[in-house]
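Working notes for the structure below.
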Amino acid sequence: MPNQSNKVVIFLGPPGAGKGTQAERLAAEQQLLKISTGDILRDHVTRNTELGQQVKPLLDAGHLVPDDILIALIRDRLASLDPVRVIFDGFPRTTAQAQELDVLLEELGAPVSAVPLLEVPDDVLIARIVERGKTSGRSDDTEEVARNRQTVYRDQTQPLIDYYAARGQVHTINGVGSMDEVYGRIRDAVN
Ligand code: ADP
């Protein structure tokens, strides 16, 4: 029997849209575990693990890390959760990842609850990332790599929006406005 309090939120949106900050707040308010694959990968790079050494060049260039690596990371994170209450930030990023996630969630009896999609115009995104780069210490927060990440998003991640839209699960949210305004829209969409 699936646990009634399971909740799986998949937060979609381009790099720089503000998913991380907003997901953090939603996680705190709704007792969800935030799973940010970018944070997990950067942590491996910082600790200089074998995986970190393998993925560093990809992160630095703004390329995606191979799907099988991500799936293994996510399988590991979900394994011990009961109930399954999570918000994904930065995952899935390809249709293959979304399909594999569905298999995992099926095994756990915890289907996707909602897919908020944060929309922000491209020029605003680049400006935000370059601004963030002044303090983030992230090697991929430069204008050149940011543009690369936008292209990767358009080519590889945007198609996956249709995957969830076909099930009527996507809620498009205007990501321009104050943090509080945007958060209010997200909360309304998810509830
Ligand atoms: P942002 O959304 O700001 O671009 P993230 O922190 O989500 O940044 O991701 C940073 C980098 O980590 C990506 O450019 C990519 O190299 C890698 N990455 C994160 N999540 C995934 C994923 N689901 N699939 C493949 N690569 C990923």
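Every chain in the structure tokens has a letter given in the order shown (A, B, ...), and although residue numbers restart at 1 in each chain, ligands are simply numbered from 1 in the order shown.
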
Within 9 Å of ligand 1 (only C-alpha atoms and all ligand atoms), residues as a PyMOL selection string: chain A and resi 13-20+36-42+55-67+69-71+89-94+97+129+140-141+145-146+148-150+152-153

Å distance separating CA of Asp102 (chain A) from CA of Gly184 (chain A), one decimal place: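 Going from CA of Asp102 (chain A) over to CA of Gly184 (chain A) covers 28.0 Å.
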
Between CA of Leu81 (chain A) and CA of Ala28 (chain A), distance in Å (one decimal): 16.7 Å

Backbone DSSP call of helix (DSSP H, G or I) for region 16-117 of chain A, listed as a ChimeraX atom specification: /A:19-29,37-47,50-61,67-78,95-108

Residue with smallest distance to Arg167 (chain A) - pool A:Ser113, A:Ser136, A:Thr49, A:Thr142, counting only C-alpha atoms: A:Ser113

Residues of region 43-178 of chain A in strand (DSSP E or B), written as a ChimeraX atom specification: /A:85-89,114-119,170-174

Separation of CA of Ala23 (chain A) from CA of Phe88 (chain A) in Å: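 Interatomic distance here is 8.1 Å.
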
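Distance check against Arg185 (chain A) using only C-alpha atoms: of A:Gln158, A:Gln22, A:Thr95, A:Gln31, the minimum falls on A:Gln22.
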
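Counting only C-alpha atoms and comparing A:Leu125, A:Ser139, A:Met179, A:His44, the residue that lies closest to Thr21 (chain A) is A:Met179.
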
Minimum-distance residue to Leu108 (chain A), chosen among A:Glu29, A:Glu131, A:Asp162, A:Asp82 (using only C-alpha atoms):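 Once distances to Leu108 (chain A) are computed over only C-alpha atoms, the minimum belongs to A:Asp82.
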
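Restricting the calculation to only C-alpha atoms, the smallest distance between Ile10 (chain A) and any of A:Arg187, A:Lys34, A:Arg128, A:Arg77 is found for A:Lys34.
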
Long-range neighbours of Leu117 (chain A) as an MDAnalysis selection string, 6 Å cut-off, only C-alpha atoms, 5 positions minimum in chain: chainID A and resid 12:13 171:173

Nearest to Ala189 (chain A) by atom-to-atom distance, counting only C-alpha atoms, from A:Glu119, A:Glu144, A:Gln169, A:Lys134: A:Gln169
